[in-house]
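Pasted below: input_35.cif, mmCIF, C-alpha atoms and all ligand atoms.
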data_protein
#
loop_
_atom_site.group_PDB
_atom_site.id
_atom_site.type_symbol
_atom_site.label_atom_id
_atom_site.label_comp_id
_atom_site.auth_asym_id
_atom_site.auth_seq_id
_atom_site.Cartn_x
_atom_site.Cartn_y
_atom_site.Cartn_z
ATOM 1 C CA MET A 1 126.089 199.880 -20.281
ATOM 2 C CA MET A 2 129.769 199.056 -20.455
ATOM 3 C CA ALA A 3 131.226 195.968 -18.765
ATOM 4 C CA GLU A 4 132.930 197.941 -16.001
ATOM 5 C CA GLU A 5 129.595 199.400 -14.857
ATOM 6 C CA ARG A 6 128.129 195.945 -14.235
ATOM 7 C CA GLN A 7 128.395 194.721 -10.675
ATOM 8 C CA GLN A 8 128.005 191.111 -11.748
ATOM 9 C CA PRO A 9 129.441 189.683 -14.965
ATOM 10 C CA ASN A 10 127.535 188.243 -17.916
ATOM 11 C CA LEU A 11 128.748 184.946 -19.347
ATOM 12 C CA LEU A 12 127.785 183.224 -22.562
ATOM 13 C CA VAL A 13 128.020 179.437 -22.627
ATOM 14 C CA THR A 14 127.959 178.145 -26.180
ATOM 15 C CA GLY A 15 128.833 174.969 -28.071
ATOM 16 C CA THR A 16 127.305 172.364 -30.377
ATOM 17 C CA PRO A 17 123.944 170.941 -29.196
ATOM 18 C CA GLY A 18 124.622 168.160 -26.694
ATOM 19 C CA THR A 19 127.964 169.456 -25.427
ATOM 20 C CA GLY A 20 126.365 170.163 -22.051
ATOM 21 C CA LYS A 21 125.538 173.880 -22.011
ATOM 22 C CA THR A 22 122.257 173.591 -20.126
ATOM 23 C CA SER A 23 123.671 171.152 -17.562
ATOM 24 C CA LEU A 24 126.667 173.406 -16.871
ATOM 25 C CA CYS A 25 124.668 176.658 -16.794
ATOM 26 C CA SER A 26 122.154 175.222 -14.396
ATOM 27 C CA LEU A 27 124.852 174.032 -11.956
ATOM 28 C CA LEU A 28 126.761 177.290 -12.293
ATOM 29 C CA ALA A 29 123.632 179.350 -11.614
ATOM 30 C CA ASP A 30 123.055 177.329 -8.433
ATOM 31 C CA ALA A 31 126.687 177.792 -7.395
ATOM 32 C CA THR A 32 126.859 181.540 -8.035
ATOM 33 C CA GLY A 33 123.319 182.890 -7.746
ATOM 34 C CA LEU A 34 123.579 184.248 -11.297
ATOM 35 C CA ARG A 35 120.540 183.958 -13.578
ATOM 36 C CA HIS A 36 120.488 181.135 -16.157
ATOM 37 C CA ILE A 37 118.940 182.255 -19.436
ATOM 38 C CA ASN A 38 118.218 179.327 -21.754
ATOM 39 C CA VAL A 39 117.667 181.162 -25.039
ATOM 40 C CA GLY A 40 116.049 178.154 -26.762
ATOM 41 C CA GLU A 41 113.408 177.949 -24.011
ATOM 42 C CA LEU A 42 112.910 181.715 -24.013
ATOM 43 C CA VAL A 43 112.320 181.706 -27.773
ATOM 44 C CA LYS A 44 109.703 178.975 -27.401
ATOM 45 C CA ASP A 45 107.976 180.476 -24.354
ATOM 46 C CA LYS A 46 107.809 184.024 -25.693
ATOM 47 C CA ARG A 47 107.385 183.011 -29.337
ATOM 48 C CA LEU A 48 110.431 184.958 -30.448
ATOM 49 C CA TYR A 49 110.655 182.993 -33.680
ATOM 50 C CA ASP A 50 110.078 183.475 -37.318
ATOM 51 C CA GLY A 51 109.110 179.946 -38.377
ATOM 52 C CA TRP A 52 110.248 176.334 -38.109
ATOM 53 C CA ASP A 53 113.203 174.792 -39.913
ATOM 54 C CA PRO A 54 112.042 171.284 -40.928
ATOM 55 C CA ASN A 55 115.558 170.155 -41.866
ATOM 56 C CA LEU A 56 117.240 171.153 -38.629
ATOM 57 C CA GLU A 57 113.999 170.545 -36.686
ATOM 58 C CA CYS A 58 114.249 173.748 -34.717
ATOM 59 C CA TYR A 59 112.654 177.182 -34.558
ATOM 60 C CA ILE A 60 114.175 179.926 -36.668
ATOM 61 C CA LEU A 61 114.610 182.578 -34.061
ATOM 62 C CA ASP A 62 114.019 186.243 -34.682
ATOM 63 C CA GLU A 63 117.336 187.772 -33.603
ATOM 64 C CA ASP A 64 115.961 191.288 -33.132
ATOM 65 C CA LEU A 65 113.106 190.074 -30.934
ATOM 66 C CA VAL A 66 115.529 188.017 -28.818
ATOM 67 C CA CYS A 67 117.946 190.917 -28.346
ATOM 68 C CA ASP A 68 115.130 193.348 -27.500
ATOM 69 C CA GLU A 69 113.709 190.876 -24.985
ATOM 70 C CA LEU A 70 117.081 190.463 -23.240
ATOM 71 C CA GLU A 71 118.532 193.986 -23.397
ATOM 72 C CA GLU A 72 117.360 195.255 -20.032
ATOM 73 C CA THR A 73 118.280 192.083 -18.135
ATOM 74 C CA MET A 74 121.692 191.911 -19.776
ATOM 75 C CA SER A 75 122.478 195.536 -19.061
ATOM 76 C CA LYS A 76 122.011 194.846 -15.340
ATOM 77 C CA GLY A 77 124.579 192.003 -15.388
ATOM 78 C CA GLY A 78 124.577 188.702 -13.509
ATOM 79 C CA ASN A 79 123.441 186.460 -16.369
ATOM 80 C CA ILE A 80 124.574 183.128 -17.778
ATOM 81 C CA VAL A 81 123.298 182.884 -21.338
ATOM 82 C CA ASP A 82 122.962 179.389 -22.811
ATOM 83 C CA TYR A 83 122.741 179.105 -26.600
ATOM 84 C CA HIS A 84 124.239 177.252 -29.583
ATOM 85 C CA SER A 85 124.985 180.458 -31.477
ATOM 86 C CA CYS A 86 126.568 183.729 -30.434
ATOM 87 C CA GLU A 87 127.190 186.054 -33.351
ATOM 88 C CA PHE A 88 123.940 187.985 -33.158
ATOM 89 C CA PHE A 89 124.219 189.109 -29.525
ATOM 90 C CA PRO A 90 125.714 192.567 -28.933
ATOM 91 C CA GLU A 91 129.421 192.215 -28.177
ATOM 92 C CA ARG A 92 129.133 194.599 -25.204
ATOM 93 C CA TRP A 93 126.860 192.190 -23.323
ATOM 94 C CA PHE A 94 129.536 189.650 -22.363
ATOM 95 C CA ASP A 95 132.525 189.491 -20.060
ATOM 96 C CA ALA A 96 133.338 185.859 -20.903
ATOM 97 C CA ILE A 97 132.482 183.491 -23.750
ATOM 98 C CA ILE A 98 132.715 179.807 -22.831
ATOM 99 C CA VAL A 99 132.823 177.293 -25.678
ATOM 100 C CA LEU A 100 132.171 173.702 -24.574
ATOM 101 C CA GLN A 101 133.849 170.926 -26.549
ATOM 102 C CA THR A 102 133.017 167.235 -26.636
ATOM 103 C CA ASP A 103 134.816 164.371 -28.369
ATOM 104 C CA ASN A 104 132.921 163.135 -31.430
ATOM 105 C CA SER A 105 132.313 159.625 -30.156
ATOM 106 C CA VAL A 106 130.925 160.940 -26.859
ATOM 107 C CA LEU A 107 128.751 163.521 -28.602
ATOM 108 C CA TYR A 108 127.482 160.929 -31.080
ATOM 109 C CA GLU A 109 126.350 158.751 -28.204
ATOM 110 C CA ARG A 110 124.604 161.640 -26.425
ATOM 111 C CA LEU A 111 122.776 162.826 -29.529
ATOM 112 C CA SER A 112 121.759 159.301 -30.595
ATOM 113 C CA ASN A 113 120.158 158.918 -27.199
ATOM 114 C CA ARG A 114 117.986 161.919 -28.029
ATOM 115 C CA GLY A 115 116.554 160.092 -31.043
ATOM 116 C CA TYR A 116 117.792 162.646 -33.575
ATOM 117 C CA THR A 117 117.272 161.884 -37.284
ATOM 118 C CA ALA A 118 120.390 160.786 -39.201
ATOM 119 C CA GLU A 119 120.567 164.184 -40.879
ATOM 120 C CA LYS A 120 120.341 166.166 -37.662
ATOM 121 C CA LEU A 121 122.876 163.873 -36.027
ATOM 122 C CA GLN A 122 125.307 164.337 -38.902
ATOM 123 C CA ASN A 123 124.830 168.126 -38.939
ATOM 124 C CA ASN A 124 125.631 168.371 -35.260
ATOM 125 C CA ILE A 125 128.647 166.064 -35.381
ATOM 126 C CA GLU A 126 130.050 168.061 -38.298
ATOM 127 C CA CYS A 127 129.395 171.263 -36.376
ATOM 128 C CA GLU A 128 131.620 169.909 -33.602
ATOM 129 C CA ILE A 129 134.305 168.494 -35.931
ATOM 130 C CA PHE A 130 134.682 171.810 -37.748
ATOM 131 C CA GLN A 131 134.566 173.804 -34.500
ATOM 132 C CA VAL A 132 131.817 175.984 -35.916
ATOM 133 C CA LEU A 133 130.895 177.562 -32.576
ATOM 134 C CA LEU A 134 134.492 178.353 -31.664
ATOM 135 C CA GLU A 135 135.025 180.021 -35.046
ATOM 136 C CA GLU A 136 131.788 181.970 -34.647
ATOM 137 C CA ALA A 137 132.907 183.147 -31.191
ATOM 138 C CA ARG A 138 136.324 184.168 -32.530
ATOM 139 C CA GLU A 139 134.724 186.180 -35.312
ATOM 140 C CA SER A 140 132.347 187.939 -32.946
ATOM 141 C CA TYR A 141 134.221 188.595 -29.681
ATOM 142 C CA SER A 142 137.616 189.662 -28.426
ATOM 143 C CA HIS A 143 139.815 186.549 -28.307
ATOM 144 C CA ASP A 144 140.980 187.229 -24.771
ATOM 145 C CA ILE A 145 137.485 186.695 -23.299
ATOM 146 C CA ILE A 146 136.943 183.351 -25.092
ATOM 147 C CA LYS A 147 137.675 180.131 -23.224
ATOM 148 C CA THR A 148 137.230 176.562 -24.460
ATOM 149 C CA LEU A 149 136.430 173.891 -21.881
ATOM 150 C CA PRO A 150 136.223 170.100 -22.353
ATOM 151 C CA SER A 151 132.814 168.566 -21.635
ATOM 152 C CA ASN A 152 133.194 164.801 -21.941
ATOM 153 C CA THR A 153 132.726 163.512 -18.430
ATOM 154 C CA ILE A 154 130.977 164.323 -15.171
ATOM 155 C CA GLU A 155 134.417 165.198 -13.770
ATOM 156 C CA ASP A 156 134.808 167.767 -16.554
ATOM 157 C CA MET A 157 131.444 169.220 -15.624
ATOM 158 C CA SER A 158 132.408 169.557 -11.944
ATOM 159 C CA SER A 159 135.757 171.141 -12.693
ATOM 160 C CA ASN A 160 134.156 173.536 -15.186
ATOM 161 C CA VAL A 161 131.616 174.643 -12.576
ATOM 162 C CA GLU A 162 134.380 175.147 -10.030
ATOM 163 C CA LEU A 163 136.593 177.097 -12.423
ATOM 164 C CA LEU A 164 133.797 179.384 -13.584
ATOM 165 C CA LYS A 165 132.442 179.865 -10.070
ATOM 166 C CA ASN A 166 135.898 181.042 -8.965
ATOM 167 C CA TRP A 167 136.141 183.337 -11.947
ATOM 168 C CA VAL A 168 132.721 184.895 -11.209
ATOM 169 C CA GLN A 169 133.596 185.368 -7.538
ATOM 170 C CA SER A 170 136.971 186.984 -8.225
ATOM 171 C CA ARG A 171 135.341 189.203 -10.804
ATOM 172 C CA MET A 172 132.746 190.351 -8.268
ATOM 173 C CA ALA A 173 135.368 190.888 -5.569
ATOM 174 C CA ASN A 174 137.089 193.339 -7.926
HETATM 175 N N1 LIG A 201 130.345 166.862 -19.080
HETATM 176 C C1 LIG A 201 129.391 165.929 -19.253
HETATM 177 N N2 LIG A 201 129.645 164.646 -18.941
HETATM 178 C C2 LIG A 201 128.700 163.691 -19.105
HETATM 179 N N3 LIG A 201 127.453 163.935 -19.576
HETATM 180 C C3 LIG A 201 127.146 165.196 -19.899
HETATM 181 C C4 LIG A 201 128.094 166.250 -19.758
HETATM 182 N N4 LIG A 201 127.502 167.397 -20.165
HETATM 183 C C5 LIG A 201 126.255 167.067 -20.537
HETATM 184 N N5 LIG A 201 126.027 165.747 -20.380
HETATM 185 C C6 LIG A 201 124.792 165.027 -20.741
HETATM 186 O O1 LIG A 201 124.617 165.220 -22.128
HETATM 187 C C7 LIG A 201 123.254 165.490 -22.461
HETATM 188 C C8 LIG A 201 123.160 166.844 -23.139
HETATM 189 O O2 LIG A 201 123.431 167.868 -22.188
HETATM 190 P P1 LIG A 201 122.761 169.289 -22.273
HETATM 191 O O3 LIG A 201 121.289 169.189 -22.547
HETATM 192 O O4 LIG A 201 123.207 170.027 -21.065
HETATM 193 O O5 LIG A 201 123.468 169.859 -23.594
HETATM 194 P P2 LIG A 201 123.213 171.225 -24.382
HETATM 195 O O6 LIG A 201 124.517 171.622 -24.944
HETATM 196 O O7 LIG A 201 122.515 172.206 -23.508
HETATM 197 O O8 LIG A 201 122.237 170.775 -25.543
HETATM 198 P P3 LIG A 201 121.199 171.695 -26.426
HETATM 199 O O9 LIG A 201 121.999 172.747 -27.109
HETATM 200 O O10 LIG A 201 120.600 170.745 -27.385
HETATM 201 O O11 LIG A 201 120.205 172.225 -25.458
HETATM 202 C C9 LIG A 201 122.500 165.398 -21.135
HETATM 203 O O12 LIG A 201 121.954 164.099 -21.046
HETATM 204 C C10 LIG A 201 123.562 165.629 -20.082
HETATM 205 O O13 LIG A 201 123.257 164.973 -18.888
#

Could you render the structure as structure tokens?
Ligand SMILES: Nc1ncnc2c1ncn2[C@@H]1O[C@H](COP(=O)(O)OP(=O)(O)OP(=O)(O)O)[C@@H](O)[C@H]1O
Amino acid sequence: MMAEERQQPNLLVTGTPGTGKTSLCSLLADATGLRHINVGELVKDKRLYDGWDPNLECYILDEDLVCDELEETMSKGGNIVDYHSCEFFPERWFDAIIVLQTDNSVLYERLSNRGYTAEKLQNNIECEIFQVLLEEARESYSHDIIKTLPSNTIEDMSSNVELLKNWVQSRMAN
């Protein structure tokens, strides 16, 4: 289904682990009534994986299984998808791609608090320094639907929720 046939938009919120995707998506879902889809949780719950990566300490998701699982829901619209990758989703699913960005020192602090191994910590900090998720989004989606938002402070989180809530509402009014 093309974007214009959806009554409610689909958003993707992406960014390096720890930038605040889940926190933002959860608040935005409450504020808009849209459905929050945490892809990491979905993969675990429905076993949509293909093994475990011991280096990155995460499941290796099966992209085809994930896309098949989500197709019907996404075609109806009204979803906020939360995941630290974006290139394997069909381009037609999304009306907006939000890339959260966090300063290295702030991100380091957040990820250290999670008890990550040194290797995982370094991988994630490098991912943020090299803007891996933003590049991935730019390679996969039209640049005019991509928006970067800062996610350093609670004030950032509130203003991001407000901005995206307004965007969703104006989109639905049209
Ligand atoms: N804008 C922000 N200001 C201050 N703290 C934040 C902000 N965003 C998130 N946090 C905090 O940072 C931690 C990580 O947030 P969250 O789990 O939402 O990130 P995530 O990007 O979804 O991570 P992952 O990809 O690993 O699931 C949480 O403790 C959260 O409370």

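Separating CA of Val13 (chain A) from CA of Asp82 (chain A) is a distance of 5.1 Å.
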
Write out as a list in words the residues lying within 7 Å of Ser26 (chain A), counting all atoms listed in the file and excluding same-chain residues fewer than 4 positions away.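 Residues near the query, excluding close chain neighbours: Thr22, Asp30 and His36 of chain A.
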
Cut-off 6 Å, all atoms listed in the file, neighbours of ligand LIG 201 (chain A) as a PyMOL selection string: chain A and resi 17-23+84+110+151-154+156-157

Neighbours of Gln131 (chain A) within 12 Å (only C-alpha atoms; same-chain residues fewer than 2 positions away dropped), as a compact mmCIF listing (two decimals) with C-alpha atoms, in the coordinates of the input?
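This went into out_16.txt:
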# COMPACT_ATOMS: atom_id res chain seq x y z
CA THR A 14 127.96 178.14 -26.18
CA GLY A 15 128.83 174.97 -28.07
CA THR A 16 127.30 172.36 -30.38
CA HIS A 84 124.24 177.25 -29.58
CA VAL A 99 132.82 177.29 -25.68
CA LEU A 100 132.17 173.70 -24.57
CA GLN A 101 133.85 170.93 -26.55
CA THR A 102 133.02 167.24 -26.64
CA ASP A 103 134.82 164.37 -28.37
CA ASN A 104 132.92 163.14 -31.43
CA ASN A 124 125.63 168.37 -35.26
CA ILE A 125 128.65 166.06 -35.38
CA GLU A 126 130.05 168.06 -38.30
CA CYS A 127 129.40 171.26 -36.38
CA GLU A 128 131.62 169.91 -33.60
CA ILE A 129 134.30 168.49 -35.93
CA LEU A 133 130.90 177.56 -32.58
CA LEU A 134 134.49 178.35 -31.66
CA GLU A 135 135.02 180.02 -35.05
CA GLU A 136 131.79 181.97 -34.65
CA ALA A 137 132.91 183.15 -31.19
CA ARG A 138 136.32 184.17 -32.53
CA THR A 148 137.23 176.56 -24.46

d(CA of Ser75 (chain A), CA of Leu27 (chain A)) in Å: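 Computing the Euclidean distance for CA of Ser75 (chain A) and CA of Leu27 (chain A) yields 22.8 Å.
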
Take the PyMOL selection byres (((chain A and resi 38-48) around 8) and not hetatm), apply it to the structure above, and return the hits as an mmCIF file with C-alpha atoms, keeping the file's coordinate frame.
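The new file part25.cif reads:
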data_model
loop_
_atom_site.group_PDB
_atom_site.id
_atom_site.type_symbol
_atom_site.label_atom_id
_atom_site.label_comp_id
_atom_site.auth_asym_id
_atom_site.auth_seq_id
_atom_site.Cartn_x
_atom_site.Cartn_y
_atom_site.Cartn_z
ATOM 1 C CA THR A 22 122.257 173.591 -20.126
ATOM 2 C CA HIS A 36 120.488 181.135 -16.157
ATOM 3 C CA ILE A 37 118.940 182.255 -19.436
ATOM 4 C CA TYR A 49 110.655 182.993 -33.680
ATOM 5 C CA ASP A 50 110.078 183.475 -37.318
ATOM 6 C CA TYR A 59 112.654 177.182 -34.558
ATOM 7 C CA LEU A 61 114.610 182.578 -34.061
ATOM 8 C CA ASP A 62 114.019 186.243 -34.682
ATOM 9 C CA LEU A 65 113.106 190.074 -30.934
ATOM 10 C CA VAL A 66 115.529 188.017 -28.818
ATOM 11 C CA VAL A 81 123.298 182.884 -21.338
ATOM 12 C CA ASP A 82 122.962 179.389 -22.811
ATOM 13 C CA TYR A 83 122.741 179.105 -26.600
#

Can you spell out as a count of residues only the set of residues that the PyMOL selection byres (((chain A and resi 35) around 8) and not hetatm) selects in the structure I just provided? 8

Determine the residue membership of the PyMOL selection byres (((chain A and resi 165) around 10) and not hetatm) for the file above and supply it as a PyMOL selection string. chain A and resi 27-34+159-164+166-171

Output C-alpha atoms for every residue in the selection just made, as a tab-separated table (two decimals), keeping the file's coordinate frame.
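Result saved to result00.tsv:
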chain	number	residue	atom	x	y	z
A	27	LEU	CA	124.85	174.03	-11.96
A	28	LEU	CA	126.76	177.29	-12.29
A	29	ALA	CA	123.63	179.35	-11.61
A	30	ASP	CA	123.06	177.33	-8.43
A	31	ALA	CA	126.69	177.79	-7.40
A	32	THR	CA	126.86	181.54	-8.04
A	33	GLY	CA	123.32	182.89	-7.75
A	34	LEU	CA	123.58	184.25	-11.30
A	159	SER	CA	135.76	171.14	-12.69
A	160	ASN	CA	134.16	173.54	-15.19
A	161	VAL	CA	131.62	174.64	-12.58
A	162	GLU	CA	134.38	175.15	-10.03
A	163	LEU	CA	136.59	177.10	-12.42
A	164	LEU	CA	133.80	179.38	-13.58
A	166	ASN	CA	135.90	181.04	-8.96
A	167	TRP	CA	136.14	183.34	-11.95
A	168	VAL	CA	132.72	184.90	-11.21
A	169	GLN	CA	133.60	185.37	-7.54
A	170	SER	CA	136.97	186.98	-8.22
A	171	ARG	CA	135.34	189.20	-10.80

Which residues, written as a short mmCIF file (atom, residue, chain, number, x, y, z; two decimals) with C-alpha atoms, keeping the file's coordinate frame, have at least one atom at most 8 Å from Lys120 (chain A), with all atoms listed in the file counted and residues fewer than 3 positions away on the same chain left out?
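Saved as out-v1.cif:
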data_model
loop_
_atom_site.label_atom_id
_atom_site.label_comp_id
_atom_site.auth_asym_id
_atom_site.auth_seq_id
_atom_site.Cartn_x
_atom_site.Cartn_y
_atom_site.Cartn_z
CA ASN A 55 115.56 170.16 -41.87
CA LEU A 56 117.24 171.15 -38.63
CA GLU A 57 114.00 170.54 -36.69
CA TYR A 116 117.79 162.65 -33.58
CA THR A 117 117.27 161.88 -37.28
CA ASN A 123 124.83 168.13 -38.94
CA ASN A 124 125.63 168.37 -35.26
#

Any idea what the distance is between CA of Pro90 (chain A) and CA of Glu72 (chain A)?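 One can read the CA of Pro90 (chain A) to CA of Glu72 (chain A) distance as 12.5 Å.
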
Measuring between only C-alpha atoms, which one of A:Tyr108, A:Phe130, A:Phe94, A:Trp52 shows the shortest distance to Asp144 (chain A)? A:Phe94

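Nearest-residue note for Asp64 (chain A): choosing from A:Arg6, A:Phe89, A:Ser140, A:Ser105, the minimum distance belongs to A:Phe89, counting only C-alpha atoms.
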
Put the listed atoms of region 128-137 of chain A in a box along x, y and z with 3 Å added on every side and give me the centre and edge lengths in Å to one decimal, as JSON.
{"center_x": 133.0, "center_y": 175.8, "center_z": -34.5, "size_x": 10.1, "size_y": 20.7, "size_z": 12.6}

With only C-alpha atoms as the atoms that count, which of A:Val132, A:Cys25, A:His143, A:Asp95 lies nearest to Met172 (chain A)?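 For Met172 (chain A), the nearest of the candidates is A:Asp95.
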